[in-house]
file my_file-v4.cif (mmCIF, C-alpha atoms)
data_target
#
loop_
_atom_site.group_PDB
_atom_site.id
_atom_site.type_symbol
_atom_site.label_atom_id
_atom_site.label_comp_id
_atom_site.auth_asym_id
_atom_site.auth_seq_id
_atom_site.Cartn_x
_atom_site.Cartn_y
_atom_site.Cartn_z
ATOM 1 C CA MET Y 14 -14.268 -23.243 -28.025
ATOM 2 C CA SER Y 15 -14.953 -20.905 -25.153
ATOM 3 C CA LEU Y 16 -13.165 -21.469 -21.865
ATOM 4 C CA LEU Y 17 -15.931 -19.682 -19.993
ATOM 5 C CA THR Y 18 -18.836 -21.973 -19.155
ATOM 6 C CA ASP Y 19 -22.183 -21.242 -17.572
ATOM 7 C CA GLU Y 20 -20.955 -23.115 -14.512
ATOM 8 C CA LEU Y 21 -18.045 -20.708 -14.211
ATOM 9 C CA ARG Y 22 -20.257 -17.672 -14.754
ATOM 10 C CA ALA Y 23 -22.460 -18.898 -11.926
ATOM 11 C CA GLN Y 24 -19.528 -18.572 -9.528
ATOM 12 C CA VAL Y 25 -19.673 -14.775 -9.685
ATOM 13 C CA GLY Y 26 -20.869 -13.406 -6.362
ATOM 14 C CA ARG Y 27 -19.469 -16.218 -4.233
ATOM 15 C CA GLU Y 28 -18.202 -15.082 -0.866
ATOM 16 C CA VAL Y 29 -16.131 -16.647 1.863
ATOM 17 C CA VAL Y 30 -15.078 -15.167 5.196
ATOM 18 C CA TYR Y 31 -12.040 -16.032 7.321
ATOM 19 C CA THR Y 32 -11.283 -14.849 10.837
ATOM 20 C CA ALA Y 33 -7.770 -15.195 12.204
ATOM 21 C CA PRO Y 34 -7.501 -17.301 15.358
ATOM 22 C CA GLU Y 35 -5.338 -14.722 17.114
ATOM 23 C CA GLU Y 36 -3.981 -11.188 16.955
ATOM 24 C CA LEU Y 37 -1.654 -10.352 14.097
ATOM 25 C CA GLY Y 38 1.226 -10.015 16.545
ATOM 26 C CA ALA Y 39 4.317 -7.863 16.888
ATOM 27 C CA ALA Y 40 6.559 -10.779 15.930
ATOM 28 C CA ALA Y 41 4.695 -11.310 12.662
ATOM 29 C CA ILE Y 42 5.076 -7.628 11.840
ATOM 30 C CA ARG Y 43 8.789 -7.660 12.617
ATOM 31 C CA TYR Y 44 9.290 -10.870 10.624
ATOM 32 C CA PHE Y 45 7.549 -9.440 7.552
ATOM 33 C CA ALA Y 46 9.481 -6.175 7.821
ATOM 34 C CA GLN Y 47 12.758 -8.058 7.969
ATOM 35 C CA ALA Y 48 11.743 -10.336 5.095
ATOM 36 C CA ILE Y 49 11.095 -7.368 2.801
ATOM 37 C CA GLY Y 50 14.179 -5.482 3.966
ATOM 38 C CA ALA Y 51 12.235 -2.653 5.577
ATOM 39 C CA VAL Y 52 14.059 -0.624 8.214
ATOM 40 C CA ASN Y 53 11.264 1.705 9.317
ATOM 41 C CA PRO Y 54 11.298 1.965 13.142
ATOM 42 C CA ALA Y 55 7.487 2.096 13.091
ATOM 43 C CA TYR Y 56 7.524 -1.657 12.406
ATOM 44 C CA THR Y 57 9.263 -2.564 15.668
ATOM 45 C CA GLY Y 58 8.929 -1.677 19.322
ATOM 46 C CA SER Y 59 6.109 -1.984 21.801
ATOM 47 C CA ASP Y 60 3.279 -0.751 19.566
ATOM 48 C CA PRO Y 61 4.291 -1.408 15.969
ATOM 49 C CA VAL Y 62 2.224 -0.754 12.880
ATOM 50 C CA ALA Y 63 2.374 -3.260 10.062
ATOM 51 C CA PRO Y 64 4.002 -2.510 6.709
ATOM 52 C CA PRO Y 65 0.931 -1.613 4.641
ATOM 53 C CA THR Y 66 0.961 -4.638 2.330
ATOM 54 C CA LEU Y 67 1.387 -7.263 5.068
ATOM 55 C CA ILE Y 68 -2.269 -8.112 5.603
ATOM 56 C CA CYS Y 69 -2.935 -8.265 1.858
ATOM 57 C CA GLU Y 70 -0.005 -10.621 1.281
ATOM 58 C CA THR Y 71 -0.230 -12.987 4.249
ATOM 59 C CA ASN Y 72 -2.245 -16.182 4.375
ATOM 60 C CA SER Y 73 -2.002 -16.454 8.148
ATOM 61 C CA TYR Y 74 -5.607 -15.443 8.807
ATOM 62 C CA ALA Y 75 -7.078 -18.186 6.626
ATOM 63 C CA GLY Y 76 -6.142 -21.185 8.772
ATOM 64 C CA LEU Y 77 -6.087 -23.432 5.705
ATOM 65 C CA PRO Y 78 -3.904 -26.480 5.136
ATOM 66 C CA ARG Y 79 -1.458 -26.245 2.257
ATOM 67 C CA ASP Y 80 -2.584 -27.686 -1.058
ATOM 68 C CA ALA Y 81 -0.555 -29.965 -3.357
ATOM 69 C CA ASP Y 82 1.266 -26.932 -4.756
ATOM 70 C CA GLY Y 83 2.210 -25.853 -1.243
ATOM 71 C CA TYR Y 84 -0.198 -22.910 -1.172
ATOM 72 C CA ALA Y 85 -2.012 -22.272 2.118
ATOM 73 C CA GLY Y 86 -4.200 -19.312 1.244
ATOM 74 C CA HIS Y 87 -7.641 -18.543 -0.054
ATOM 75 C CA GLY Y 88 -8.560 -19.855 -3.480
ATOM 76 C CA TRP Y 89 -11.712 -20.414 -5.484
ATOM 77 C CA HIS Y 90 -10.374 -23.686 -6.961
ATOM 78 C CA LEU Y 91 -12.025 -23.125 -10.313
ATOM 79 C CA ASP Y 92 -11.714 -25.977 -12.781
ATOM 80 C CA ILE Y 93 -10.729 -24.638 -16.198
ATOM 81 C CA PRO Y 94 -9.202 -27.487 -18.198
ATOM 82 C CA GLY Y 95 -6.241 -26.743 -20.415
ATOM 83 C CA THR Y 96 -5.162 -23.638 -18.547
ATOM 84 C CA ARG Y 97 -2.447 -22.661 -16.103
ATOM 85 C CA LEU Y 98 -2.883 -20.124 -13.348
ATOM 86 C CA ILE Y 99 -0.790 -16.950 -13.208
ATOM 87 C CA ARG Y 100 -1.081 -13.755 -11.216
ATOM 88 C CA GLY Y 101 -2.345 -10.675 -13.022
ATOM 89 C CA GLY Y 102 -1.975 -7.976 -10.397
ATOM 90 C CA ASN Y 103 -3.414 -6.250 -7.369
ATOM 91 C CA ALA Y 104 -4.948 -2.932 -6.434
ATOM 92 C CA TYR Y 105 -4.746 -2.139 -2.736
ATOM 93 C CA GLU Y 106 -6.629 0.507 -0.772
ATOM 94 C CA PHE Y 107 -5.215 1.176 2.683
ATOM 95 C CA HIS Y 108 -7.761 2.721 5.019
ATOM 96 C CA GLN Y 109 -6.031 2.786 8.376
ATOM 97 C CA PRO Y 110 -2.819 1.516 9.940
ATOM 98 C CA VAL Y 111 -2.820 -2.107 11.054
ATOM 99 C CA ARG Y 112 -1.614 -2.868 14.568
ATOM 100 C CA ALA Y 113 -0.222 -5.946 16.259
ATOM 101 C CA THR Y 114 -3.358 -6.241 18.381
ATOM 102 C CA ASP Y 115 -5.676 -6.365 15.376
ATOM 103 C CA VAL Y 116 -7.519 -9.627 14.731
ATOM 104 C CA LEU Y 117 -8.212 -9.900 11.010
ATOM 105 C CA THR Y 118 -11.482 -10.907 9.443
ATOM 106 C CA VAL Y 119 -11.226 -11.092 5.680
ATOM 107 C CA GLN Y 120 -14.140 -11.409 3.306
ATOM 108 C CA TRP Y 121 -13.329 -12.609 -0.199
ATOM 109 C CA ARG Y 122 -15.851 -12.041 -2.987
ATOM 110 C CA LEU Y 123 -15.611 -13.336 -6.542
ATOM 111 C CA ALA Y 124 -16.442 -10.125 -8.370
ATOM 112 C CA ALA Y 125 -16.084 -11.022 -12.048
ATOM 113 C CA ILE Y 126 -15.050 -13.722 -14.482
ATOM 114 C CA THR Y 127 -14.369 -12.679 -18.050
ATOM 115 C CA GLU Y 128 -12.858 -14.297 -21.092
ATOM 116 C CA ARG Y 129 -10.255 -12.471 -23.139
ATOM 117 C CA VAL Y 130 -7.575 -13.171 -25.699
ATOM 118 C CA THR Y 131 -3.961 -12.107 -25.378
ATOM 119 C CA GLY Y 132 -2.237 -10.085 -28.053
ATOM 120 C CA GLY Y 133 -0.813 -13.360 -29.300
ATOM 121 C CA GLY Y 134 -4.244 -14.930 -29.664
ATOM 122 C CA VAL Y 135 -4.102 -17.098 -26.553
ATOM 123 C CA PRO Y 136 -7.430 -17.433 -24.736
ATOM 124 C CA MET Y 137 -7.593 -16.666 -21.046
ATOM 125 C CA VAL Y 138 -10.104 -16.375 -18.249
ATOM 126 C CA VAL Y 139 -9.593 -13.397 -15.958
ATOM 127 C CA VAL Y 140 -10.901 -13.813 -12.421
ATOM 128 C CA THR Y 141 -11.286 -10.663 -10.348
ATOM 129 C CA SER Y 142 -11.740 -10.980 -6.593
ATOM 130 C CA VAL Y 143 -12.156 -8.403 -3.860
ATOM 131 C CA ALA Y 144 -10.864 -9.016 -0.338
ATOM 132 C CA THR Y 145 -12.022 -6.708 2.448
ATOM 133 C CA TYR Y 146 -10.011 -6.637 5.681
ATOM 134 C CA VAL Y 147 -11.487 -5.514 8.998
ATOM 135 C CA ASN Y 148 -10.343 -5.849 12.584
ATOM 136 C CA GLN Y 149 -12.242 -7.076 15.648
ATOM 137 C CA HIS Y 150 -13.728 -3.614 16.116
ATOM 138 C CA GLY Y 151 -15.197 -3.630 12.621
ATOM 139 C CA ASP Y 152 -12.743 -0.973 11.437
ATOM 140 C CA LEU Y 153 -12.021 -1.159 7.716
ATOM 141 C CA LEU Y 154 -8.293 -1.740 7.293
ATOM 142 C CA ALA Y 155 -7.774 -2.423 3.597
ATOM 143 C CA VAL Y 156 -9.365 -3.587 0.361
ATOM 144 C CA ASN Y 157 -7.505 -5.746 -2.154
ATOM 145 C CA THR Y 158 -8.749 -6.216 -5.697
ATOM 146 C CA GLU Y 159 -6.865 -9.175 -7.090
ATOM 147 C CA THR Y 160 -6.688 -10.487 -10.633
ATOM 148 C CA LEU Y 161 -5.773 -14.072 -11.437
ATOM 149 C CA ILE Y 162 -5.439 -15.312 -14.992
ATOM 150 C CA HIS Y 163 -6.196 -18.823 -16.207
ATOM 151 C CA LEU Y 164 -4.099 -18.847 -19.360
ATOM 152 C CA GLY Y 165 -4.948 -21.259 -22.146
ATOM 153 C CA SER Y 166 -2.806 -22.471 -25.011
ATOM 154 C CA ALA Y 167 -2.314 -21.121 -28.495
ATOM 155 C CA SER Y 168 -4.421 -22.965 -31.069
ATOM 156 C CA MET U 8 9.393 20.829 -3.304
ATOM 157 C CA ILE U 9 7.331 17.978 -4.683
ATOM 158 C CA ALA U 10 6.220 18.587 -8.239
ATOM 159 C CA VAL U 11 5.024 16.591 -11.208
ATOM 160 C CA GLY U 12 7.988 14.911 -12.839
ATOM 161 C CA LEU U 13 10.015 14.545 -9.657
ATOM 162 C CA GLU U 14 11.751 11.177 -9.640
ATOM 163 C CA LEU U 15 12.112 8.965 -6.601
ATOM 164 C CA PRO U 16 15.581 7.746 -5.692
ATOM 165 C CA VAL U 17 16.187 4.536 -7.591
ATOM 166 C CA ARG U 18 16.275 1.444 -5.429
ATOM 167 C CA GLU U 19 17.872 -1.871 -6.311
ATOM 168 C CA ARG U 20 17.360 -5.141 -4.515
ATOM 169 C CA THR U 21 18.949 -8.510 -5.147
ATOM 170 C CA ILE U 22 16.534 -11.271 -4.175
ATOM 171 C CA GLU U 23 18.332 -14.425 -3.174
ATOM 172 C CA LEU U 24 16.861 -17.718 -2.085
ATOM 173 C CA PRO U 25 17.188 -16.973 1.670
ATOM 174 C CA ASP U 26 15.178 -13.781 1.105
ATOM 175 C CA MET U 27 12.505 -15.824 -0.633
ATOM 176 C CA ILE U 28 12.433 -18.326 2.211
ATOM 177 C CA ALA U 29 12.008 -15.459 4.665
ATOM 178 C CA TYR U 30 9.179 -13.974 2.616
ATOM 179 C CA ALA U 31 7.458 -17.348 2.293
ATOM 180 C CA GLY U 32 7.564 -17.798 6.043
ATOM 181 C CA ALA U 33 6.425 -14.269 6.749
ATOM 182 C CA THR U 34 3.408 -14.653 4.459
ATOM 183 C CA TRP U 35 2.556 -18.315 5.156
ATOM 184 C CA ASP U 36 2.951 -19.019 1.436
ATOM 185 C CA TRP U 37 4.888 -22.199 0.778
ATOM 186 C CA HIS U 38 4.107 -22.566 -2.913
ATOM 187 C CA ARG U 39 6.558 -24.957 -4.563
ATOM 188 C CA LEU U 40 7.157 -22.487 -7.391
ATOM 189 C CA HIS U 41 9.423 -20.585 -5.023
ATOM 190 C CA TYR U 42 11.790 -23.398 -4.017
ATOM 191 C CA ASP U 43 11.044 -26.911 -5.374
ATOM 192 C CA HIS U 44 13.446 -27.679 -8.214
ATOM 193 C CA GLU U 45 11.616 -30.808 -9.381
ATOM 194 C CA TYR U 46 8.322 -28.910 -9.486
ATOM 195 C CA LEU U 47 10.056 -26.112 -11.390
ATOM 196 C CA ALA U 48 11.678 -28.477 -13.885
ATOM 197 C CA ASP U 49 8.304 -30.087 -14.615
ATOM 198 C CA ARG U 50 7.151 -26.627 -15.696
ATOM 199 C CA GLY U 51 10.183 -25.807 -17.789
ATOM 200 C CA LEU U 52 11.739 -23.487 -15.211
ATOM 201 C CA SER U 53 15.360 -23.681 -14.162
ATOM 202 C CA ARG U 54 15.309 -21.492 -11.042
ATOM 203 C CA PRO U 55 12.886 -20.671 -8.227
ATOM 204 C CA VAL U 56 10.451 -17.884 -9.061
ATOM 205 C CA VAL U 57 10.264 -14.844 -6.811
ATOM 206 C CA ASP U 58 6.822 -14.362 -5.251
ATOM 207 C CA GLY U 59 5.457 -11.443 -7.261
ATOM 208 C CA GLN U 60 3.586 -10.013 -4.308
ATOM 209 C CA LEU U 61 6.947 -9.167 -2.757
ATOM 210 C CA PHE U 62 7.202 -6.380 -5.320
ATOM 211 C CA GLY U 63 4.101 -4.743 -3.897
ATOM 212 C CA ALA U 64 5.803 -4.660 -0.517
ATOM 213 C CA LEU U 65 9.028 -3.282 -1.980
ATOM 214 C CA LEU U 66 7.183 -0.548 -3.861
ATOM 215 C CA ALA U 67 5.256 0.426 -0.740
ATOM 216 C CA GLU U 68 8.459 0.781 1.247
ATOM 217 C CA GLN U 69 10.189 2.724 -1.514
ATOM 218 C CA VAL U 70 7.372 5.258 -1.569
ATOM 219 C CA LEU U 71 7.073 5.537 2.207
ATOM 220 C CA ASP U 72 10.812 5.889 2.710
ATOM 221 C CA TRP U 73 10.853 8.666 0.133
ATOM 222 C CA ALA U 74 7.862 10.452 1.639
ATOM 223 C CA GLY U 75 9.263 10.367 5.155
ATOM 224 C CA PRO U 76 7.749 10.040 8.628
ATOM 225 C CA GLY U 77 4.063 10.825 8.966
ATOM 226 C CA ALA U 78 3.177 9.991 5.378
ATOM 227 C CA ARG U 79 0.489 7.419 4.733
ATOM 228 C CA LEU U 80 0.182 5.186 1.692
ATOM 229 C CA THR U 81 -3.492 5.120 0.709
ATOM 230 C CA ALA U 82 -3.425 3.144 -2.543
ATOM 231 C CA LEU U 83 -1.067 0.914 -4.486
ATOM 232 C CA SER U 84 -1.748 -0.958 -7.701
ATOM 233 C CA PHE U 85 0.521 -3.098 -9.823
ATOM 234 C CA ARG U 86 0.374 -5.496 -12.747
ATOM 235 C CA PHE U 87 2.814 -8.349 -13.117
ATOM 236 C CA ALA U 88 4.695 -8.260 -16.398
ATOM 237 C CA GLY U 89 7.105 -11.163 -16.146
ATOM 238 C CA LEU U 90 8.822 -13.657 -13.906
ATOM 239 C CA VAL U 91 11.810 -12.860 -11.729
ATOM 240 C CA PHE U 92 14.095 -15.650 -10.608
ATOM 241 C CA ALA U 93 16.119 -16.272 -7.450
ATOM 242 C CA GLY U 94 19.381 -14.393 -7.490
ATOM 243 C CA GLU U 95 18.232 -11.642 -9.823
ATOM 244 C CA THR U 96 18.326 -7.938 -9.057
ATOM 245 C CA VAL U 97 15.316 -5.677 -9.475
ATOM 246 C CA ARG U 98 15.363 -1.929 -9.952
ATOM 247 C CA LEU U 99 12.500 0.149 -8.576
ATOM 248 C CA THR U 100 11.766 3.550 -10.068
ATOM 249 C CA GLY U 101 9.037 6.118 -9.546
ATOM 250 C CA THR U 102 7.877 9.497 -10.825
ATOM 251 C CA VAL U 103 5.396 11.970 -9.383
ATOM 252 C CA THR U 104 2.445 12.312 -11.766
ATOM 253 C CA ALA U 105 0.065 14.485 -9.763
ATOM 254 C CA VAL U 106 0.063 16.700 -6.690
ATOM 255 C CA ASP U 107 -3.250 17.770 -5.185
ATOM 256 C CA GLY U 108 -2.744 19.434 -1.829
ATOM 257 C CA ASP U 109 -1.198 16.823 0.439
ATOM 258 C CA THR U 110 -2.056 13.953 -1.916
ATOM 259 C CA VAL U 111 0.652 12.787 -4.299
ATOM 260 C CA THR U 112 0.209 10.251 -7.085
ATOM 261 C CA LEU U 113 3.152 8.353 -8.499
ATOM 262 C CA ASP U 114 3.881 6.077 -11.420
ATOM 263 C CA LEU U 115 6.110 3.186 -10.406
ATOM 264 C CA ARG U 116 7.956 0.414 -12.172
ATOM 265 C CA VAL U 117 9.997 -2.653 -11.326
ATOM 266 C CA GLU U 118 12.426 -4.059 -13.845
ATOM 267 C CA VAL U 119 15.141 -6.681 -13.768
ATOM 268 C CA THR U 120 18.719 -5.508 -14.172
ATOM 269 C CA PRO U 121 20.874 -5.521 -16.163
ATOM 270 C CA ASP U 122 18.660 -6.673 -19.027
ATOM 271 C CA GLY U 123 15.859 -4.214 -18.234
ATOM 272 C CA ARG U 124 12.992 -6.614 -18.734
ATOM 273 C CA PRO U 125 9.841 -5.538 -16.856
ATOM 274 C CA ALA U 126 8.729 -7.382 -13.738
ATOM 275 C CA VAL U 127 5.951 -5.023 -12.693
ATOM 276 C CA ALA U 128 4.407 -2.468 -15.033
ATOM 277 C CA PRO U 129 2.339 -0.458 -14.800
ATOM 278 C CA ALA U 130 2.185 0.387 -11.116
ATOM 279 C CA ALA U 131 0.886 3.409 -9.268
ATOM 280 C CA ALA U 132 0.663 4.706 -5.726
ATOM 281 C CA THR U 133 -1.188 7.424 -3.893
ATOM 282 C CA ILE U 134 0.315 8.842 -0.751
ATOM 283 C CA LEU U 135 -0.974 11.330 1.780
ATOM 284 C CA LEU U 136 1.800 13.558 3.044
ATOM 285 C CA PRO U 137 1.835 15.315 6.392
ATOM 286 C CA PRO U 138 0.478 18.884 6.156
ATOM 287 C CA ALA U 139 2.878 21.324 4.439
ATOM 288 C CA ALA U 140 5.135 18.503 3.253
ATOM 289 C CA THR U 141 4.418 19.193 -0.424
ATOM 290 C CA THR U 142 6.130 22.558 -0.124
ATOM 291 C CA THR U 143 8.904 21.770 2.329
ATOM 292 C CA HIS U 144 9.645 18.106 1.695
ATOM 293 C CA ALA U 145 13.123 17.107 0.657
ATOM 294 C CA PRO U 146 13.282 13.528 -0.603
ATOM 295 C CA ALA U 147 14.745 11.194 1.973
ATOM 296 C CA PRO U 148 17.894 9.382 0.882
ATOM 297 C CA ALA U 149 17.312 5.757 -0.012
ATOM 298 C CA PRO U 150 18.682 3.215 2.478
ATOM 299 C CA ALA U 151 22.056 1.842 1.510
#
call {"tool": "encode", "arguments": {"input": "my_file-v4.cif", "output": "structure tokens"}}
result
Amino acid sequence: MSLLTDELRAQVGREVVYTAPEELGAAAIRYFAQAIGAVNPAYTGSDPVAPPTLICETNSYAGLPRDADGYAGHGWHLDIPGTRLIRGGNAYEFHQPVRATDVLTVQWRLAAITERVTGGGVPMVVVTSVATYVNQHGDLLAVNTETLIHLGSAS
Amino acid sequence: MIAVGLELPVRERTIELPDMIAYAGATWDWHRLHYDHEYLADRGLSRPVVDGQLFGALLAEQVLDWAGPGARLTALSFRFAGLVFAGETVRLTGTVTAVDGDTVTLDLRVEVTPDGRPAVAPAAATILLPPAATTTHAPAPAPA
């Protein structure tokens, strides 16, 4: 039986937009740099730039409450019975440095949902999303193409 | 001189639970997979799982530290290959695969040591070096 239903297919093209309630902040940049063990002086001081992956990895802009799993970020909350959700990977494009004074607006778009089978014959649904990050000036900061996998069970 | 086949300095990082707590706070991601032992046990896991997105950050810093001041990372892609658990050590490696003017493309990899199982593979980065860096650049030493 296929995991991919017409209802799921109809989700393709969905979009949601989040705008952070405040500037990214120098403290957030310094905290992230310390958390990842980065020692680049560009990440501290009076006018720091963010480590490039920060905005793609943070949930701070979304302003969402945590869910039952503890996750507080964007999600499509697709219902695919008999599967568990795992991360597939990411492809980041970095278009310009991100500064502490930037206010993020992030548009998420559900770009594709496809059904595949692993090498071991396990069915899975692959969900590809694209997140586009801009600041309050409309400058394009980054694009993140993210893959999540809803992994089924072996027959 | 940067040329195809040049290898980045290898970087190793042990990721302990306090590091994971710091990363969770820094990214506003409090998923129970990274700390809740009961939640983990219900899923057949014995130790907290490292947030895989951390590896994207580590790879970015490895590349930028190697490239030196003035370089700009323009693209980074990575596929998760397996779980990494709290307390484990990961080894980051990279090789130059293309040089086109000031643009350098690299293949990257993250594996768990000492068993060598892959955590991230494949991975790739594109970096824009400051003008003339491709002919004069000496790889920066990796931080201790």
call {"tool": "closest_atom_pairs", "arguments": {"input": "my_file-v4.cif", "of": "range 84-118 of chain U", "to": "range 22-34 of chain U", "cutoff": "6 Å", "atoms": "all atoms listed in the file", "output": "tab-separated table"}}
result
residue	atom	partner	partner_atom	distance
U:Ala93	CA	U:Glu23	CA	5.2
U:Gly94	CA	U:Glu23	CA	4.4
U:Glu95	CA	U:Ile22	CA	5.9
call {"tool": "closest_residue", "arguments": {"input": "my_file-v4.cif", "among": "Y:Tyr44, Y:Trp89, Y:Tyr74, Y:Tyr56", "to": "chain U", "atoms": "only C-alpha atoms"}}
result
Y:Tyr44
call {"tool": "atom_distance", "arguments": {"input": "my_file-v4.cif", "atom1": "CA of Pro129 in chain U", "atom2": "CA of Leu115 in chain U"}}
result
6.8 Å
call {"tool": "resolve_selection", "arguments": {"input": "my_file-v4.cif", "expression": "the PyMOL selection byres ((chain Y and resi 81) around 12)", "output": "PyMOL selection string"}}
result
(chain Y and resi 78-80+82-85) or (chain U and resi 37-40+46)
call {"tool": "resolve_selection", "arguments": {"input": "my_file-v4.cif", "expression": "the PyMOL selection byres ((chain Y and resi 100) around 7)", "output": "PDB file with C-alpha atoms, in the frame of the given file"}}
result
ATOM      1  CA  LEU Y  98      -2.883 -20.124 -13.348  1.00  0.00           C
ATOM      2  CA  ILE Y  99      -0.790 -16.950 -13.208  1.00  0.00           C
ATOM      3  CA  GLY Y 101      -2.345 -10.675 -13.022  1.00  0.00           C
ATOM      4  CA  GLY Y 102      -1.975  -7.976 -10.397  1.00  0.00           C
ATOM      5  CA  THR Y 160      -6.688 -10.487 -10.633  1.00  0.00           C
ATOM      6  CA  LEU Y 161      -5.773 -14.072 -11.437  1.00  0.00           C
ATOM      7  CA  ILE Y 162      -5.439 -15.312 -14.992  1.00  0.00           C
TER       8      ILE Y 162
ATOM      9  CA  PHE U  87       2.814  -8.349 -13.117  1.00  0.00           C
TER      10      PHE U  87
END
call {"tool": "resolve_selection", "arguments": {"input": "my_file-v4.cif", "expression": "the PyMOL selection byres ((chain Y and resi 59) around 12)", "output": "MDAnalysis selection string"}}
result
chainID Y and resid 38:40 42:43 54:58 60:62 112:114
call {"tool": "build_atoms", "arguments": {"input": "my_file-v4.cif", "residues": "range 113-119 of chain Y", "atoms": "all heavy atoms", "output": "mmCIF file, in the coordinates of the input"}}
result
data_model
loop_
_atom_site.group_PDB
_atom_site.id
_atom_site.type_symbol
_atom_site.label_atom_id
_atom_site.label_comp_id
_atom_site.auth_asym_id
_atom_site.auth_seq_id
_atom_site.Cartn_x
_atom_site.Cartn_y
_atom_site.Cartn_z
ATOM 1 N N ALA Y 113 -0.501 -4.579 15.819
ATOM 2 C CA ALA Y 113 -0.222 -5.946 16.259
ATOM 3 C C ALA Y 113 -1.412 -6.569 16.971
ATOM 4 O O ALA Y 113 -1.601 -7.787 16.946
ATOM 5 C CB ALA Y 113 1.010 -5.956 17.163
ATOM 6 N N THR Y 114 -2.213 -5.745 17.621
ATOM 7 C CA THR Y 114 -3.358 -6.241 18.381
ATOM 8 C C THR Y 114 -4.600 -6.474 17.525
ATOM 9 O O THR Y 114 -5.620 -6.939 18.029
ATOM 10 C CB THR Y 114 -3.711 -5.252 19.500
ATOM 11 O OG1 THR Y 114 -3.810 -3.940 18.935
ATOM 12 C CG2 THR Y 114 -2.629 -5.244 20.580
ATOM 13 N N ASP Y 115 -4.524 -6.148 16.250
ATOM 14 C CA ASP Y 115 -5.676 -6.365 15.376
ATOM 15 C C ASP Y 115 -5.888 -7.854 15.114
ATOM 16 O O ASP Y 115 -4.939 -8.609 14.899
ATOM 17 C CB ASP Y 115 -5.480 -5.640 14.039
ATOM 18 C CG ASP Y 115 -5.699 -4.138 14.154
ATOM 19 O OD1 ASP Y 115 -6.473 -3.712 15.032
ATOM 20 O OD2 ASP Y 115 -5.102 -3.390 13.363
ATOM 21 N N VAL Y 116 -7.139 -8.272 15.140
ATOM 22 C CA VAL Y 116 -7.519 -9.627 14.731
ATOM 23 C C VAL Y 116 -8.241 -9.484 13.394
ATOM 24 O O VAL Y 116 -9.283 -8.822 13.315
ATOM 25 C CB VAL Y 116 -8.440 -10.305 15.769
ATOM 26 C CG1 VAL Y 116 -8.864 -11.692 15.278
ATOM 27 C CG2 VAL Y 116 -7.738 -10.388 17.118
ATOM 28 N N LEU Y 117 -7.685 -10.098 12.360
ATOM 29 C CA LEU Y 117 -8.212 -9.900 11.010
ATOM 30 C C LEU Y 117 -9.436 -10.767 10.744
ATOM 31 O O LEU Y 117 -9.446 -11.961 11.068
ATOM 32 C CB LEU Y 117 -7.148 -10.261 9.973
ATOM 33 C CG LEU Y 117 -5.882 -9.417 9.921
ATOM 34 C CD1 LEU Y 117 -4.957 -9.958 8.841
ATOM 35 C CD2 LEU Y 117 -6.191 -7.959 9.673
ATOM 36 N N THR Y 118 -10.442 -10.153 10.138
ATOM 37 C CA THR Y 118 -11.482 -10.907 9.443
ATOM 38 C C THR Y 118 -11.451 -10.447 7.999
ATOM 39 O O THR Y 118 -11.451 -9.238 7.730
ATOM 40 C CB THR Y 118 -12.874 -10.674 10.055
ATOM 41 O OG1 THR Y 118 -12.903 -11.249 11.361
ATOM 42 C CG2 THR Y 118 -13.958 -11.329 9.205
ATOM 43 N N VAL Y 119 -11.389 -11.410 7.095
ATOM 44 C CA VAL Y 119 -11.226 -11.092 5.680
ATOM 45 C C VAL Y 119 -12.363 -11.738 4.901
ATOM 46 O O VAL Y 119 -12.574 -12.949 4.987
ATOM 47 C CB VAL Y 119 -9.869 -11.593 5.146
ATOM 48 C CG1 VAL Y 119 -9.669 -11.130 3.708
ATOM 49 C CG2 VAL Y 119 -8.732 -11.102 6.042
#
